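Raw contents of start_30.cif, mmCIF, C-alpha atoms and all ligand atoms:
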```cif
data_work
#
loop_
_atom_site.label_atom_id
_atom_site.label_comp_id
_atom_site.auth_asym_id
_atom_site.auth_seq_id
_atom_site.Cartn_x
_atom_site.Cartn_y
_atom_site.Cartn_z
CA MET A 1 16.44 18.44 -15.95
CA HIS A 2 18.49 16.17 -13.70
CA ALA A 3 18.20 18.68 -10.84
CA HIS A 4 14.39 18.77 -11.10
CA PRO A 5 13.24 15.14 -11.03
CA GLU A 6 9.57 14.25 -10.61
CA LEU A 7 7.97 10.92 -9.77
CA SER A 8 5.90 8.81 -12.18
CA PHE A 9 2.70 10.51 -13.41
CA GLN A 10 3.66 13.71 -11.54
CA GLU A 11 5.95 15.12 -14.25
CA PHE A 12 4.16 18.50 -14.27
CA GLU A 13 7.21 20.82 -14.36
CA THR A 14 9.06 18.47 -16.69
CA ALA A 15 6.14 18.42 -19.13
CA GLN A 16 5.90 22.23 -18.92
CA PHE A 17 9.65 22.50 -19.62
CA VAL A 18 9.30 20.17 -22.62
CA SER A 19 6.32 22.13 -23.91
CA ASP A 20 8.13 25.47 -23.49
CA ARG A 21 11.19 24.23 -25.39
CA LEU A 22 9.06 22.78 -28.20
CA LYS A 23 7.30 26.15 -28.41
CA ASP A 24 10.71 27.90 -28.64
CA PHE A 25 11.70 25.53 -31.46
CA GLY A 26 8.36 26.04 -33.23
CA VAL A 27 7.29 22.40 -32.96
CA ILE A 28 3.53 21.77 -32.95
CA HIS A 29 2.61 19.68 -29.90
CA GLN A 30 -0.14 18.62 -27.55
CA SER A 31 0.26 18.64 -23.76
CA GLY A 32 -1.71 16.79 -21.11
CA VAL A 33 -1.88 13.50 -23.01
CA ALA A 34 -2.64 10.73 -20.46
CA GLY A 35 -2.01 13.29 -17.71
CA THR A 36 1.50 14.66 -18.21
CA GLY A 37 2.44 13.31 -21.66
CA VAL A 38 3.52 15.66 -24.47
CA VAL A 39 3.26 14.63 -28.12
CA GLY A 40 4.94 16.66 -30.86
CA ILE A 41 4.77 16.46 -34.63
CA ILE A 42 7.40 17.47 -37.18
CA GLU A 43 6.24 17.27 -40.77
CA GLY A 44 8.83 17.00 -43.53
CA LYS A 45 8.13 16.98 -47.24
CA ASN A 46 5.25 14.69 -48.28
CA PRO A 47 4.30 14.18 -44.60
CA GLY A 48 1.92 11.24 -45.13
CA SER A 49 4.50 9.12 -46.97
CA LYS A 50 6.12 7.56 -43.88
CA ILE A 51 5.70 8.22 -40.21
CA ILE A 52 8.07 7.26 -37.40
CA ALA A 53 7.55 7.73 -33.67
CA LEU A 54 10.40 8.49 -31.25
CA ARG A 55 9.88 7.97 -27.55
CA GLY A 56 11.55 9.46 -24.48
CA ASP A 57 10.34 8.79 -20.93
CA MET A 58 10.33 11.58 -18.33
CA ASP A 59 9.83 10.16 -14.82
CA ALA A 60 12.28 9.78 -11.90
CA LEU A 61 12.56 7.41 -8.93
CA PRO A 62 12.01 7.66 -5.15
CA ILE A 63 15.76 7.61 -4.31
CA PHE A 64 17.93 10.11 -2.35
CA GLU A 65 20.70 11.20 -4.70
CA LYS A 66 24.20 10.73 -3.26
CA ASN A 67 26.16 12.40 -6.08
CA GLU A 68 27.78 15.78 -5.42
CA ALA A 69 27.46 17.11 -8.96
CA SER A 70 26.38 20.70 -9.72
CA TYR A 71 23.23 19.23 -11.25
CA LYS A 72 22.36 17.14 -8.16
CA SER A 73 18.63 16.69 -7.48
CA ILE A 74 17.07 19.57 -5.56
CA ASN A 75 13.96 17.48 -4.81
CA PRO A 76 14.88 15.45 -1.71
CA GLY A 77 14.09 11.75 -2.06
CA VAL A 78 13.52 12.00 -5.81
CA MET A 79 16.24 11.25 -8.35
CA HIS A 80 16.68 10.65 -12.05
CA ALA A 81 18.42 7.35 -11.30
CA CYS A 82 17.28 5.60 -14.48
CA GLY A 83 18.47 8.26 -16.92
CA HIS A 84 15.02 9.29 -18.10
CA ASP A 85 16.25 12.91 -17.92
CA VAL A 86 18.81 11.89 -20.56
CA HIS A 87 16.08 10.38 -22.72
CA THR A 88 13.89 13.48 -22.45
CA ALA A 89 16.78 15.90 -23.03
CA SER A 90 17.92 13.83 -26.02
CA LEU A 91 14.47 13.81 -27.54
CA LEU A 92 14.28 17.59 -27.13
CA GLY A 93 17.63 17.81 -28.93
CA VAL A 94 16.25 15.56 -31.66
CA SER A 95 13.20 17.85 -31.98
CA TRP A 96 15.47 20.90 -32.35
CA ILE A 97 17.63 19.20 -34.99
CA LEU A 98 14.84 17.65 -37.06
CA ASN A 99 12.68 20.76 -37.01
CA GLN A 100 15.50 22.66 -38.73
CA LEU A 101 15.96 19.91 -41.30
CA LYS A 102 12.30 19.34 -42.10
CA ASP A 103 12.58 20.57 -45.70
CA GLN A 104 15.34 18.00 -46.23
CA PHE A 105 13.54 14.74 -45.38
CA GLU A 106 10.29 13.04 -46.36
CA GLY A 107 7.61 11.99 -43.92
CA THR A 108 6.56 12.82 -40.39
CA VAL A 109 8.30 12.39 -37.04
CA LYS A 110 6.09 11.95 -33.99
CA LEU A 111 7.78 12.86 -30.70
CA ILE A 112 6.42 11.03 -27.66
CA PHE A 113 7.44 12.48 -24.28
CA GLN A 114 6.05 9.77 -22.04
CA PRO A 115 5.11 9.88 -18.35
CA GLY A 116 5.28 7.07 -15.82
CA GLU A 117 7.63 4.40 -17.19
CA GLU A 118 8.65 3.24 -13.73
CA LYS A 119 5.17 2.54 -12.39
CA VAL A 120 2.56 -0.05 -13.38
CA PRO A 121 0.36 0.23 -15.48
CA GLY A 122 3.05 2.27 -17.29
CA GLY A 123 2.63 5.51 -19.21
CA ALA A 124 3.07 3.69 -22.54
CA SER A 125 -0.12 1.64 -22.09
CA MET A 126 -2.03 4.78 -21.08
CA LEU A 127 -0.78 6.79 -24.08
CA ILE A 128 -1.71 3.94 -26.42
CA LYS A 129 -5.23 3.90 -24.92
CA GLU A 130 -5.41 7.66 -25.55
CA GLY A 131 -4.59 7.07 -29.22
CA VAL A 132 -0.93 8.12 -29.43
CA LEU A 133 -0.41 5.53 -32.17
CA GLN A 134 -3.15 7.07 -34.33
CA ASN A 135 -3.71 10.33 -36.25
CA PRO A 136 -1.17 10.03 -37.69
CA ALA A 137 -0.35 6.33 -37.18
CA PRO A 138 3.42 5.66 -37.11
CA LEU A 139 4.80 2.69 -39.07
CA SER A 140 7.51 2.12 -36.48
CA ILE A 141 8.75 3.37 -33.14
CA VAL A 142 12.25 3.87 -31.75
CA GLY A 143 13.36 4.41 -28.16
CA GLN A 144 16.69 4.59 -26.38
CA HIS A 145 17.83 3.88 -22.82
CA VAL A 146 21.04 4.72 -20.98
CA MET A 147 23.31 1.77 -20.17
CA PRO A 148 25.94 2.26 -17.43
CA LEU A 149 27.50 -1.11 -18.33
CA LEU A 150 28.35 0.21 -21.80
CA GLU A 151 31.21 2.64 -22.35
CA VAL A 152 30.27 6.15 -23.46
CA GLY A 153 30.57 6.48 -27.24
CA LYS A 154 29.07 3.06 -27.85
CA VAL A 155 25.49 1.93 -28.44
CA GLY A 156 23.92 -1.55 -28.36
CA PHE A 157 21.20 -3.35 -30.31
CA ARG A 158 19.45 -6.70 -30.13
CA GLU A 159 16.98 -8.16 -32.62
CA GLY A 160 13.95 -10.10 -31.39
CA LEU A 161 13.37 -10.92 -27.72
CA TYR A 162 15.23 -8.43 -25.59
CA MET A 163 13.53 -7.77 -22.22
CA ALA A 164 11.19 -9.75 -19.97
CA SER A 165 7.61 -9.45 -18.81
CA ALA A 166 7.46 -8.72 -15.07
CA ASP A 167 4.66 -9.70 -12.72
CA GLU A 168 4.48 -9.05 -9.00
CA ILE A 169 3.59 -11.70 -6.44
CA TYR A 170 2.00 -10.67 -3.14
CA LEU A 171 1.31 -13.52 -0.68
CA THR A 172 0.06 -13.67 2.88
CA ILE A 173 -0.15 -17.10 4.51
CA HIS A 174 -2.58 -17.24 7.42
CA GLY A 175 -2.03 -20.03 9.98
CA LYS A 176 -2.37 -20.22 13.73
CA GLY A 177 0.16 -18.70 16.09
CA GLY A 178 1.30 -20.24 19.34
CA HIS A 179 4.20 -21.15 21.62
CA GLY A 180 7.31 -22.36 19.84
CA ALA A 181 7.47 -25.28 22.26
CA MET A 182 4.03 -26.54 21.26
CA PRO A 183 3.94 -26.50 17.43
CA ASN A 184 1.39 -29.31 17.51
CA LEU A 185 -1.19 -26.78 18.73
CA ALA A 186 -0.32 -24.22 16.04
CA ILE A 187 -0.31 -24.00 12.24
CA ASP A 188 3.28 -22.92 11.63
CA VAL A 189 3.33 -20.42 8.75
CA ILE A 190 7.15 -20.19 8.85
CA ALA A 191 7.61 -23.86 8.04
CA ILE A 192 4.86 -23.64 5.40
CA ALA A 193 6.42 -20.55 3.77
CA ALA A 194 9.77 -22.37 3.61
CA GLN A 195 8.10 -25.17 1.67
CA VAL A 196 6.27 -22.71 -0.59
CA ILE A 197 9.46 -20.82 -1.47
CA THR A 198 11.29 -24.04 -2.33
CA ALA A 199 8.45 -25.78 -4.15
CA VAL A 200 7.42 -22.82 -6.28
CA GLN A 201 10.91 -22.80 -7.87
CA GLN A 202 9.79 -25.98 -9.63
CA VAL A 203 7.65 -23.75 -11.85
CA VAL A 204 10.89 -22.44 -13.34
CA SER A 205 13.03 -25.60 -13.13
CA ARG A 206 10.38 -28.23 -14.14
CA ALA A 207 7.28 -26.66 -15.67
CA ALA A 208 8.94 -24.02 -17.86
CA ASP A 209 10.16 -24.86 -21.34
CA PRO A 210 13.95 -24.70 -20.90
CA LYS A 211 14.15 -22.69 -24.14
CA ILE A 212 12.08 -19.85 -22.64
CA PRO A 213 13.91 -17.62 -20.13
CA SER A 214 12.04 -17.56 -16.80
CA VAL A 215 12.94 -16.31 -13.35
CA LEU A 216 11.07 -16.35 -10.03
CA SER A 217 12.48 -14.53 -7.00
CA PHE A 218 11.15 -13.60 -3.57
CA GLY A 219 12.62 -10.39 -2.15
CA THR A 220 10.41 -9.95 0.90
CA VAL A 221 9.65 -12.41 3.71
CA ILE A 222 8.21 -10.86 6.86
CA ALA A 223 7.01 -12.80 9.90
CA ASN A 224 6.91 -11.12 13.26
CA GLY A 225 7.51 -13.99 15.67
CA ALA A 226 10.34 -14.63 18.14
CA THR A 227 12.52 -17.51 19.32
CA ASN A 228 9.56 -18.92 21.18
CA ILE A 229 6.63 -17.37 19.31
CA LEU A 230 5.04 -18.80 16.18
CA PRO A 231 3.33 -15.90 14.35
CA ASN A 232 -0.21 -16.03 12.98
CA SER A 233 0.77 -15.04 9.47
CA ILE A 234 3.69 -14.42 7.13
CA TYR A 235 3.97 -12.00 4.22
CA LEU A 236 5.98 -12.55 1.01
CA GLU A 237 6.64 -10.52 -2.12
CA GLY A 238 8.25 -11.72 -5.28
CA THR A 239 8.60 -11.30 -9.03
CA PHE A 240 8.01 -13.62 -11.98
CA ARG A 241 9.60 -12.78 -15.32
CA THR A 242 9.58 -14.48 -18.68
CA MET A 243 9.46 -13.90 -22.45
CA ASP A 244 6.40 -15.78 -23.70
CA GLU A 245 2.80 -14.68 -23.20
CA VAL A 246 1.23 -18.20 -23.26
CA TRP A 247 3.75 -19.54 -20.77
CA ARG A 248 3.33 -16.41 -18.65
CA ALA A 249 -0.40 -17.11 -18.24
CA ASN A 250 0.19 -20.83 -17.56
CA ALA A 251 2.90 -20.04 -15.02
CA HIS A 252 0.48 -17.84 -13.07
CA VAL A 253 -1.90 -20.81 -12.80
CA LYS A 254 0.91 -23.15 -11.67
CA ILE A 255 2.27 -20.68 -9.11
CA ARG A 256 -1.23 -20.39 -7.64
CA GLN A 257 -1.82 -24.18 -7.61
CA ILE A 258 1.44 -24.89 -5.79
CA ILE A 259 1.04 -22.11 -3.22
CA GLU A 260 -2.61 -22.85 -2.46
CA GLY A 261 -2.02 -26.62 -2.51
CA ILE A 262 0.85 -26.53 -0.02
CA CYS A 263 -0.94 -24.09 2.28
CA SER A 264 -4.20 -26.03 2.36
CA SER A 265 -2.40 -29.36 2.91
CA PHE A 266 -1.10 -27.93 6.21
CA GLY A 267 -4.39 -26.29 7.17
CA ALA A 268 -3.23 -22.74 6.32
CA LYS A 269 -4.87 -20.23 4.01
CA ALA A 270 -3.07 -18.50 1.16
CA ASP A 271 -4.07 -14.96 0.28
CA LEU A 272 -2.36 -14.56 -3.10
CA GLU A 273 -2.32 -11.75 -5.65
CA ILE A 274 -0.33 -11.96 -8.87
CA ARG A 275 -0.29 -8.43 -10.30
CA LYS A 276 0.46 -8.26 -14.01
CA GLY A 277 3.20 -5.86 -15.00
CA TYR A 278 4.67 -5.05 -18.42
CA PRO A 279 4.78 -7.59 -21.28
CA PHE A 280 8.08 -8.77 -22.80
CA LEU A 281 9.90 -6.46 -25.19
CA PHE A 282 10.39 -7.59 -28.78
CA ASN A 283 12.64 -5.68 -31.14
CA ASP A 284 11.37 -6.01 -34.72
CA PRO A 285 14.25 -7.79 -36.53
CA GLU A 286 14.00 -5.91 -39.83
CA LEU A 287 13.70 -2.48 -38.23
CA THR A 288 16.45 -3.26 -35.71
CA ARG A 289 18.84 -4.44 -38.46
CA LYS A 290 18.18 -1.21 -40.33
CA MET A 291 18.69 0.95 -37.22
CA LYS A 292 21.86 -0.95 -36.32
CA SER A 293 23.41 -0.51 -39.76
CA SER A 294 22.47 3.19 -39.71
CA ALA A 295 24.12 3.48 -36.28
CA ILE A 296 27.27 1.88 -37.73
CA ASP A 297 27.27 4.53 -40.49
CA TYR A 298 26.97 7.25 -37.83
CA LEU A 299 29.31 5.97 -35.08
CA GLY A 300 31.54 3.39 -36.79
CA LYS A 301 31.44 -0.39 -36.51
CA GLU A 302 33.64 -0.48 -33.40
CA ASN A 303 31.08 1.58 -31.48
CA VAL A 304 27.99 -0.54 -32.16
CA VAL A 305 27.69 -3.71 -30.07
CA ASP A 306 25.25 -6.64 -29.83
CA LEU A 307 23.31 -6.86 -26.59
CA ASP A 308 22.39 -9.93 -24.57
CA VAL A 309 18.87 -10.78 -23.36
CA TRP A 310 18.04 -8.80 -20.21
CA MET A 311 15.44 -9.97 -17.65
CA ALA A 312 14.52 -6.46 -16.53
CA ALA A 313 11.23 -4.97 -17.78
CA GLU A 314 10.42 -1.76 -19.65
CA ASP A 315 7.05 -0.39 -20.72
CA PHE A 316 8.34 0.39 -24.24
CA SER A 317 7.25 -3.26 -24.67
CA TYR A 318 3.63 -2.08 -25.00
CA TYR A 319 4.52 -0.22 -28.19
CA THR A 320 6.36 -3.25 -29.59
CA GLN A 321 3.14 -5.27 -29.23
CA GLU A 322 1.34 -2.76 -31.46
CA LEU A 323 3.87 -1.94 -34.20
CA PRO A 324 7.48 -2.66 -35.22
CA GLY A 325 9.72 -1.20 -32.55
CA CYS A 326 13.43 -0.85 -31.82
CA PHE A 327 14.71 -0.18 -28.30
CA TYR A 328 18.46 0.35 -28.20
CA ARG A 329 21.02 1.24 -25.54
CA LEU A 330 23.12 4.34 -25.15
CA GLY A 331 26.51 3.85 -23.45
CA THR A 332 27.08 6.23 -20.49
CA ARG A 333 29.97 4.58 -18.60
CA ASN A 334 33.37 6.18 -17.98
CA GLU A 335 35.63 4.21 -15.63
CA GLU A 336 38.38 6.87 -15.66
CA LYS A 337 35.90 9.43 -14.32
CA GLY A 338 34.46 6.87 -11.89
CA ILE A 339 31.08 6.84 -13.63
CA VAL A 340 30.19 3.18 -13.12
CA SER A 341 27.08 3.02 -10.88
CA GLY A 342 24.09 1.08 -12.14
CA VAL A 343 20.62 2.44 -12.81
CA HIS A 344 18.31 2.66 -9.77
CA THR A 345 21.23 3.39 -7.41
CA PRO A 346 21.78 6.68 -5.50
CA THR A 347 25.16 7.20 -7.22
CA PHE A 348 23.97 6.66 -10.80
CA ASP A 349 25.45 9.25 -13.16
CA ILE A 350 26.38 9.54 -16.82
CA ASP A 351 29.31 10.78 -18.85
CA GLU A 352 27.64 13.78 -20.48
CA ASP A 353 29.34 13.06 -23.81
CA ALA A 354 26.48 10.57 -24.15
CA LEU A 355 24.02 13.46 -24.54
CA GLU A 356 25.44 14.53 -27.88
CA ILE A 357 25.26 10.97 -29.20
CA GLY A 358 21.78 10.57 -27.68
CA CYS A 359 20.51 13.50 -29.77
CA GLY A 360 22.54 13.12 -32.93
CA LEU A 361 22.16 9.39 -33.37
CA MET A 362 18.41 9.39 -32.76
CA ALA A 363 17.86 12.24 -35.23
CA TRP A 364 20.00 10.36 -37.77
CA LEU A 365 18.07 7.10 -37.20
CA ALA A 366 14.75 8.89 -37.68
CA VAL A 367 15.84 10.42 -40.98
CA GLN A 368 17.26 7.09 -42.17
ZN ZN A 401 14.19 2.30 -14.34
ZN ZN A 402 14.38 3.36 -17.34
#
```
Whole structure given in structure tokens:
Amino acid sequence: MHAHPELSFQEFETAQFVSDRLKDFGVIHQSGVAGTGVVGIIEGKNPGSKIIALRGDMDALPIFEKNEASYKSINPGVMHACGHDVHTASLLGVSWILNQLKDQFEGTVKLIFQPGEEKVPGGASMLIKEGVLQNPAPLSIVGQHVMPLLEVGKVGFREGLYMASADEIYLTIHGKGGHGAMPNLAIDVIAIAAQVITAVQQVVSRAADPKIPSVLSFGTVIANGATNILPNSIYLEGTFRTMDEVWRANAHVKIRQIIEGICSSFGAKADLEIRKGYPFLFNDPELTRKMKSSAIDYLGKENVVDLDVWMAAEDFSYYTQELPGCFYRLGTRNEEKGIVSGVHTPTFDIDEDALEIGCGLMAWLAVQ
């Protein structure tokens, strides 16, 4: 699976592979849900009594893999650099295990092989729109994600707020270009952008409730002038992340007011788009406590850690807005073997011992 990565919403071979394996196992499933999604059902005894959904995402990233492993990507420029191959493989393992045990547990397990986690609007929101949380409707949902910061053999949990909402900021400031020696005849977008970048930080430092995590960063600033040329326009891209939906909406208004206000006060025009990404991720406290204590039974207390808040985003958050969810982390790090690279890097890799835990623990959690 690692050698055959496919980009978001193009997981055709991956979905076929998943479907073929589920067929081999004898698991009833539906393909082509929201494009490339696959949804399986395993019914135990008394199948309507309780229903849990398990989710694994399937998509890869546009990165050239730099590892020299035997399972290196054979699709140039595409790489499973976020471990979604691990999540899919684990969920297949879970399907294989639980299907053999189905006369030994009560209830139904819904297996969600999800496309497009890495790309807005996110496969989760599309699957929800297509009714993945109905017929039958799960009472809770559990997902796992690799964590290269966490040693292999360990897993991590956090109750309540865990990950941030993420919105994208696209801004072009239009002014008037001219000679660098005669700024009085121009509208200098460079000087205006400098003010915008500084002033808009006040949204985080002054307008935000200090108790709510917020972050605003610009990662792109492009202006094609020269030492003596003031350009006509400048282009900026940034991200705004937080963990509160009311504040998120208010922050968008404030960001717009500051940017448009500064630009118009200097005679420039702001062309601003704030594109909404995923919402924040909330781990249901009761469910997460239960999953954590079950993980302790399975792996031992020393191998189950508490996680800190993380300002990255993840589309599993859409499920957690609909029903109690628990998103936990699977340790994949091994310093002795040099497996330390972060997700979304060309040298990301895992200690494969994590695969056994990824399957076994998730199957155990589902049954619990
Ligand atoms: Zn990712
Ligand atoms: Zn991911």
Could you build a table of the residues in chain A lying no more than 7 Å from ligand ZN 401 (chain A), giving for each the nearest pair of atoms and their separation in Å rounded to one decimal place, using all atoms listed in the file, ordered by chain and ascending residue number, as a tab-separated table?
```
residue	atom	partner	partner_atom	distance
A:Cys82	CA	A:ZN401	ZN	4.5
A:Glu118	CA	A:ZN401	ZN	5.7
A:Val343	CA	A:ZN401	ZN	6.6
A:His344	CA	A:ZN401	ZN	6.2
```
Any chance you can output those residues with C-alpha atoms as a PDB file, in the frame of the given file?
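As written to disk, selection.pdb reads:
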```pdb
ATOM      1  CA  CYS A  82      17.280   5.600 -14.480  1.00  0.00           C
ATOM      2  CA  GLU A 118       8.650   3.240 -13.730  1.00  0.00           C
ATOM      3  CA  VAL A 343      20.620   2.440 -12.810  1.00  0.00           C
ATOM      4  CA  HIS A 344      18.310   2.660  -9.770  1.00  0.00           C
TER       5      HIS A 344
END
```
Quiz prompt | Contacts of Asn67 in chain A within 10 Å, only C-alpha atoms, excl. fewer than 6 positions in-chain, as JSON, numbers by chain | solution = {"A": [73, 346, 347, 348, 349]}
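Taking only C-alpha atoms and all ligand atoms into account, the protein and nucleic acid residues that come at most 10 Å from ligand ZN 402 (chain A) are Gly56, Asp57, Met58, Asp59, Ala60, Leu61, His80, Ala81, Cys82, Gly83, His84, Asp85, His87, Gly116, Glu117, Glu118, Gln144, His145, Val146, Met147, Ala312, Ala313, Glu314, Asp315, Phe316, Val343 and His344 of chain A.
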From the set A:Met126, A:Ser264, A:Lys110, A:Leu54, which residue has the shortest atom-to-atom contact distance to Phe9 in chain A, counting only C-alpha atoms?
->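 For Phe9 in chain A, the nearest of the candidates is A:Met126.
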Taking all atoms listed in the file into account, which of A:Trp96, A:Val152, A:Leu111, A:Lys211 comes nearest Asp24 in chain A?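 That would be A:Trp96, the residue with the smallest distance to Asp24 in chain A.
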The distance between CA of Ala270 in chain A and CA of Gln202 in chain A is 18.4 Å
Practice prompt. Give as a PyMOL selection string each residue that has an atom at most 10 Å from (11.3, 21.3, -24.4) in the file, counting all atoms listed in the file.
Written response: chain A and resi 14-25+27+38+88-89+91-93+95-96+113
Listed atoms of range 74-89 of chain A boxed axis-aligned with 6 Å per side, centre + edges as JSON:
```
{"center_x": 16.2, "center_y": 12.6, "center_z": -12.4, "size_x": 17.3, "size_y": 26.0, "size_z": 33.3}
```
| task | Record the distance separating CA of Val196 in chain A and CA of Ser214 in chain A, expressed in Å with one decimal. | result |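 Separation of CA of Val196 in chain A and CA of Ser214 in chain A: 18.0 Å.
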| request: Quick one: residues within 10 Å of (11.0, -4.4, -39.9) (file frame), counting only C-alpha atoms, please, as a list in words. | output: Leu139, Ser140, Asn283, Asp284, Pro285, Glu286, Leu287, Thr288, Arg289, Lys290, Met291, Leu323, Pro324, Gly325 and Cys326 of chain A
Val142 in chain A proximity check over A:Leu365, A:Val200, A:Cys263, A:Val246, using only C-alpha atoms: winner is A:Leu365
Using only C-alpha atoms, can you tell me which of A:Gln114, A:Asn99, A:Gln134, A:Thr172 comes closest to Gln10 in chain A?
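Once distances to Gln10 in chain A are computed over only C-alpha atoms, the minimum belongs to A:Gln114.
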Select, from A:Glu260, A:Asp306, A:Glu168, A:Asp209, the residue with the minimum atom-to-atom distance to Thr239 in chain A, counting all atoms listed in the file.
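Distance minimum relative to Thr239 in chain A lands on A:Glu168.
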